[in-house]
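**Q** Please find entry_0.pdb (PDB, C-alpha atoms, pLDDT in the B column) on the next line:
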```pdb
MODEL        1
ATOM      1  CA  MET A   1     -21.773 -82.637   6.413  1.00 94.00           C
ATOM      2  CA  GLU A   2     -24.235 -84.679   4.359  1.00 94.00           C
ATOM      3  CA  VAL A   3     -25.424 -87.956   5.823  1.00 94.00           C
ATOM      4  CA  LYS A   4     -27.433 -90.585   3.968  1.00 94.00           C
ATOM      5  CA  ALA A   5     -29.915 -92.625   6.003  1.00 94.00           C
ATOM      6  CA  GLY A   6     -31.786 -95.114   3.866  1.00 94.00           C
ATOM      7  CA  THR A   7     -33.215 -93.175   0.944  1.00 92.00           C
ATOM      8  CA  ARG A   8     -33.069 -89.792   2.716  1.00 96.00           C
ATOM      9  CA  VAL A   9     -30.170 -87.315   2.760  1.00 96.00           C
ATOM     10  CA  TYR A  10     -29.589 -84.956   5.671  1.00 96.00           C
ATOM     11  CA  LEU A  11     -27.396 -81.900   6.064  1.00 97.00           C
ATOM     12  CA  VAL A  12     -25.982 -82.131   9.583  1.00 96.00           C
ATOM     13  CA  SER A  13     -24.223 -79.265  11.313  1.00 97.00           C
ATOM     14  CA  PHE A  14     -22.570 -79.018  14.714  1.00 96.00           C
ATOM     15  CA  HIS A  15     -22.579 -75.836  16.761  1.00 95.00           C
ATOM     16  CA  PRO A  16     -20.342 -75.935  19.850  1.00 96.00           C
ATOM     17  CA  LEU A  17     -21.495 -74.054  22.916  1.00 96.00           C
ATOM     18  CA  PRO A  18     -18.277 -73.772  24.942  1.00 94.00           C
ATOM     19  CA  GLU A  19     -19.901 -71.805  27.749  1.00 94.00           C
ATOM     20  CA  ASP A  20     -22.316 -74.714  28.316  1.00 93.00           C
ATOM     21  CA  GLU A  21     -19.737 -77.382  27.479  1.00 94.00           C
ATOM     22  CA  SER A  22     -22.147 -78.814  24.947  1.00 96.00           C
ATOM     23  CA  VAL A  23     -22.813 -79.072  21.245  1.00 96.00           C
ATOM     24  CA  ASN A  24     -26.039 -78.433  19.375  1.00 96.00           C
ATOM     25  CA  ILE A  25     -26.543 -80.761  16.444  1.00 96.00           C
ATOM     26  CA  TYR A  26     -28.952 -79.753  13.687  1.00 96.00           C
ATOM     27  CA  GLY A  27     -30.171 -81.969  10.877  1.00 95.00           C
ATOM     28  CA  PHE A  28     -32.072 -80.817   7.811  1.00 96.00           C
ATOM     29  CA  ASP A  29     -33.695 -83.181   5.328  1.00 97.00           C
ATOM     30  CA  ILE A  30     -32.295 -82.180   1.912  1.00 97.00           C
ATOM     31  CA  SER A  31     -33.479 -85.278   0.038  1.00 97.00           C
ATOM     32  CA  ASP A  32     -35.804 -83.376  -2.295  1.00 97.00           C
ATOM     33  CA  ARG A  33     -33.102 -80.839  -3.137  1.00 96.00           C
ATOM     34  CA  LYS A  34     -30.568 -83.591  -3.881  1.00 96.00           C
ATOM     35  CA  GLU A  35     -33.084 -85.344  -6.134  1.00 96.00           C
ATOM     36  CA  LEU A  36     -33.791 -82.114  -8.029  1.00 97.00           C
ATOM     37  CA  GLU A  37     -30.051 -81.425  -8.408  1.00 97.00           C
ATOM     38  CA  GLU A  38     -29.571 -84.886  -9.933  1.00 96.00           C
ATOM     39  CA  LYS A  39     -32.493 -84.399 -12.343  1.00 97.00           C
ATOM     40  CA  LEU A  40     -31.088 -80.999 -13.369  1.00 97.00           C
ATOM     41  CA  ARG A  41     -27.625 -82.508 -13.924  1.00 97.00           C
ATOM     42  CA  GLU A  42     -29.114 -85.268 -16.101  1.00 97.00           C
ATOM     43  CA  SER A  43     -31.157 -82.745 -18.103  1.00 96.00           C
ATOM     44  CA  GLU A  44     -28.143 -80.463 -18.635  1.00 95.00           C
ATOM     45  CA  GLU A  45     -26.062 -83.421 -19.797  1.00 95.00           C
ATOM     46  CA  LYS A  46     -28.788 -84.553 -22.202  1.00 95.00           C
ATOM     47  CA  TYR A  47     -29.171 -81.134 -23.819  1.00 90.00           C
ATOM     48  CA  ARG A  48     -25.418 -80.495 -23.855  1.00 87.00           C
ATOM     49  CA  ASN A  49     -24.984 -83.725 -25.808  1.00 89.00           C
ATOM     50  CA  ILE A  50     -27.733 -82.732 -28.249  1.00 89.00           C
ATOM     51  CA  VAL A  51     -26.193 -79.292 -28.834  1.00 85.00           C
ATOM     52  CA  GLU A  52     -22.647 -80.606 -29.181  1.00 83.00           C
ATOM     53  CA  ILE A  53     -23.523 -83.208 -31.817  1.00 85.00           C
ATOM     54  CA  ALA A  54     -26.070 -81.113 -33.727  1.00 83.00           C
ATOM     55  CA  ASN A  55     -25.541 -80.867 -37.480  1.00 83.00           C
ATOM     56  CA  GLU A  56     -26.486 -77.198 -37.292  1.00 85.00           C
ATOM     57  CA  GLY A  57     -24.257 -74.465 -35.957  1.00 85.00           C
ATOM     58  CA  ILE A  58     -25.305 -73.013 -32.620  1.00 87.00           C
ATOM     59  CA  TRP A  59     -23.903 -69.671 -31.533  1.00 87.00           C
ATOM     60  CA  ILE A  60     -24.995 -67.990 -28.282  1.00 88.00           C
ATOM     61  CA  LEU A  61     -24.270 -64.345 -27.457  1.00 91.00           C
ATOM     62  CA  ASP A  62     -24.750 -62.481 -24.179  1.00 93.00           C
ATOM     63  CA  THR A  63     -26.478 -59.106 -23.880  1.00 95.00           C
ATOM     64  CA  LYS A  64     -23.253 -57.323 -24.889  1.00 95.00           C
ATOM     65  CA  ALA A  65     -22.934 -59.380 -28.082  1.00 92.00           C
ATOM     66  CA  ARG A  66     -20.056 -61.438 -26.653  1.00 91.00           C
ATOM     67  CA  THR A  67     -19.874 -65.067 -27.688  1.00 88.00           C
ATOM     68  CA  THR A  68     -20.696 -67.297 -24.719  1.00 88.00           C
ATOM     69  CA  TYR A  69     -21.081 -70.603 -26.567  1.00 85.00           C
ATOM     70  CA  VAL A  70     -20.403 -72.025 -29.998  1.00 85.00           C
ATOM     71  CA  ASN A  71     -20.953 -75.678 -30.721  1.00 83.00           C
ATOM     72  CA  GLU A  72     -18.285 -77.640 -32.566  1.00 78.00           C
ATOM     73  CA  LYS A  73     -20.149 -77.543 -35.872  1.00 75.00           C
ATOM     74  CA  ASN A  74     -20.441 -73.755 -35.901  1.00 68.00           C
ATOM     75  CA  GLY A  75     -17.079 -73.061 -34.287  1.00 63.00           C
ATOM     76  CA  GLY A  76     -15.281 -75.277 -36.769  1.00 56.00           C
ATOM     77  CA  ASP A  77     -17.089 -73.648 -39.685  1.00 52.00           C
ATOM     78  CA  VAL A  78     -16.196 -70.069 -38.737  1.00 55.00           C
ATOM     79  CA  GLY A  79     -13.167 -70.499 -36.472  1.00 56.00           C
ATOM     80  CA  ILE A  80     -14.803 -69.217 -33.279  1.00 57.00           C
ATOM     81  CA  GLN A  81     -14.379 -70.545 -29.748  1.00 56.00           C
ATOM     82  CA  SER A  82     -16.559 -70.044 -26.679  1.00 52.00           C
ATOM     83  CA  GLY A  83     -15.146 -67.617 -24.191  1.00 54.00           C
TER      84      GLY A  83
ENDMDL
END
```
Show the structure stored in the file as structure tokens.
**A**
Amino acid sequence: MEVKAGTRVYLVSFHPLPEDESVNIYGFDISDRKELEEKLRESEEKYRNIVEIANEGIWILDTKARTTYVNEKNGGDVGIQSG
């Protein structure tokens, strides 16, 4: 479970120890990771928007020449969809 405490975010996990009738509780500070995930999400959204509204056609193929992405401009021009 993630727990926010002030500006920090912690991943907290509970590990029951039935034989001792107790529970170990572990907390890991994941604040930096959460911040990086948010920056990555913002960057992906920014570049996705740029690619989707570009006036030029963008067509991406994988290593087996399969279409993995076609922006709307290119897809509309040649009738191809990402798959």
**Q** Quick one: residues within 7 Å of segment 55-61 of chain A, all atoms listed in the file, excluding same-chain residues fewer than 6 positions away - as a compact mmCIF listing (two decimals) with C-alpha atoms, in the coordinates of the input?
**A**
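This is the output file out30.txt:
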```
# COMPACT_ATOMS: atom_id res chain seq x y z
CA THR A 67 -19.87 -65.07 -27.69
CA THR A 68 -20.70 -67.30 -24.72
CA TYR A 69 -21.08 -70.60 -26.57
CA VAL A 70 -20.40 -72.03 -30.00
CA ASN A 71 -20.95 -75.68 -30.72
CA LYS A 73 -20.15 -77.54 -35.87
CA ASN A 74 -20.44 -73.76 -35.90
```
**Q** Which residues, written as number ranges by chain, have at least one atom at most 12 Å from Lys34 of chain A, with all atoms listed in the file counted and residues fewer than 3 positions away on the same chain left out?
**A** A: 2-4, 7-11, 29-31, 37-41
**Q** Write a file of the selected residues as a PDB file, keeping the file's coordinate frame, keeping C-alpha atoms.
**A**
```
ATOM      1  CA  GLU A   2     -24.235 -84.679   4.359  1.00 94.00           C
ATOM      2  CA  VAL A   3     -25.424 -87.956   5.823  1.00 94.00           C
ATOM      3  CA  LYS A   4     -27.433 -90.585   3.968  1.00 94.00           C
ATOM      4  CA  THR A   7     -33.215 -93.175   0.944  1.00 92.00           C
ATOM      5  CA  ARG A   8     -33.069 -89.792   2.716  1.00 96.00           C
ATOM      6  CA  VAL A   9     -30.170 -87.315   2.760  1.00 96.00           C
ATOM      7  CA  TYR A  10     -29.589 -84.956   5.671  1.00 96.00           C
ATOM      8  CA  LEU A  11     -27.396 -81.900   6.064  1.00 97.00           C
ATOM      9  CA  ASP A  29     -33.695 -83.181   5.328  1.00 97.00           C
ATOM     10  CA  ILE A  30     -32.295 -82.180   1.912  1.00 97.00           C
ATOM     11  CA  SER A  31     -33.479 -85.278   0.038  1.00 97.00           C
ATOM     12  CA  GLU A  37     -30.051 -81.425  -8.408  1.00 97.00           C
ATOM     13  CA  GLU A  38     -29.571 -84.886  -9.933  1.00 96.00           C
ATOM     14  CA  LYS A  39     -32.493 -84.399 -12.343  1.00 97.00           C
ATOM     15  CA  LEU A  40     -31.088 -80.999 -13.369  1.00 97.00           C
ATOM     16  CA  ARG A  41     -27.625 -82.508 -13.924  1.00 97.00           C
TER      17      ARG A  41
END
```
**Q** So that I can see what lies close to Asn24 of chain A, please list as a list of chain:residue names the residues with an atom at most 10 Å from it, counting only C-alpha atoms and leaving out residues fewer than 4 positions away in the same chain.
**A**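 Here the qualifying residues turn out to be A:Ser13, A:Phe14, A:His15, A:Pro16, A:Leu17.
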**Q** When you draw a straight line from atom CA of Ala5 of chain A to atom CA of Ser22 of chain A, how long is it in Å?
**A**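 Separation between atom CA of Ala5 of chain A and atom CA of Ser22 of chain A: 24.7 Å.
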**Q** Smallest atom-to-atom distance to Val51 of chain A: which of A:Glu21, A:Thr63, A:Glu35, A:Glu72, using all atoms listed in the file?
**A**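 So, comparing all the options, the nearest one is A:Glu72.
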**Q** Rounded to one decimal in Å, what is the spacing between atom CA of Tyr47 of chain A and atom CA of Asp62 of chain A?
**A**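 Calculated distance between atom CA of Tyr47 of chain A and atom CA of Asp62 of chain A is 19.2 Å.
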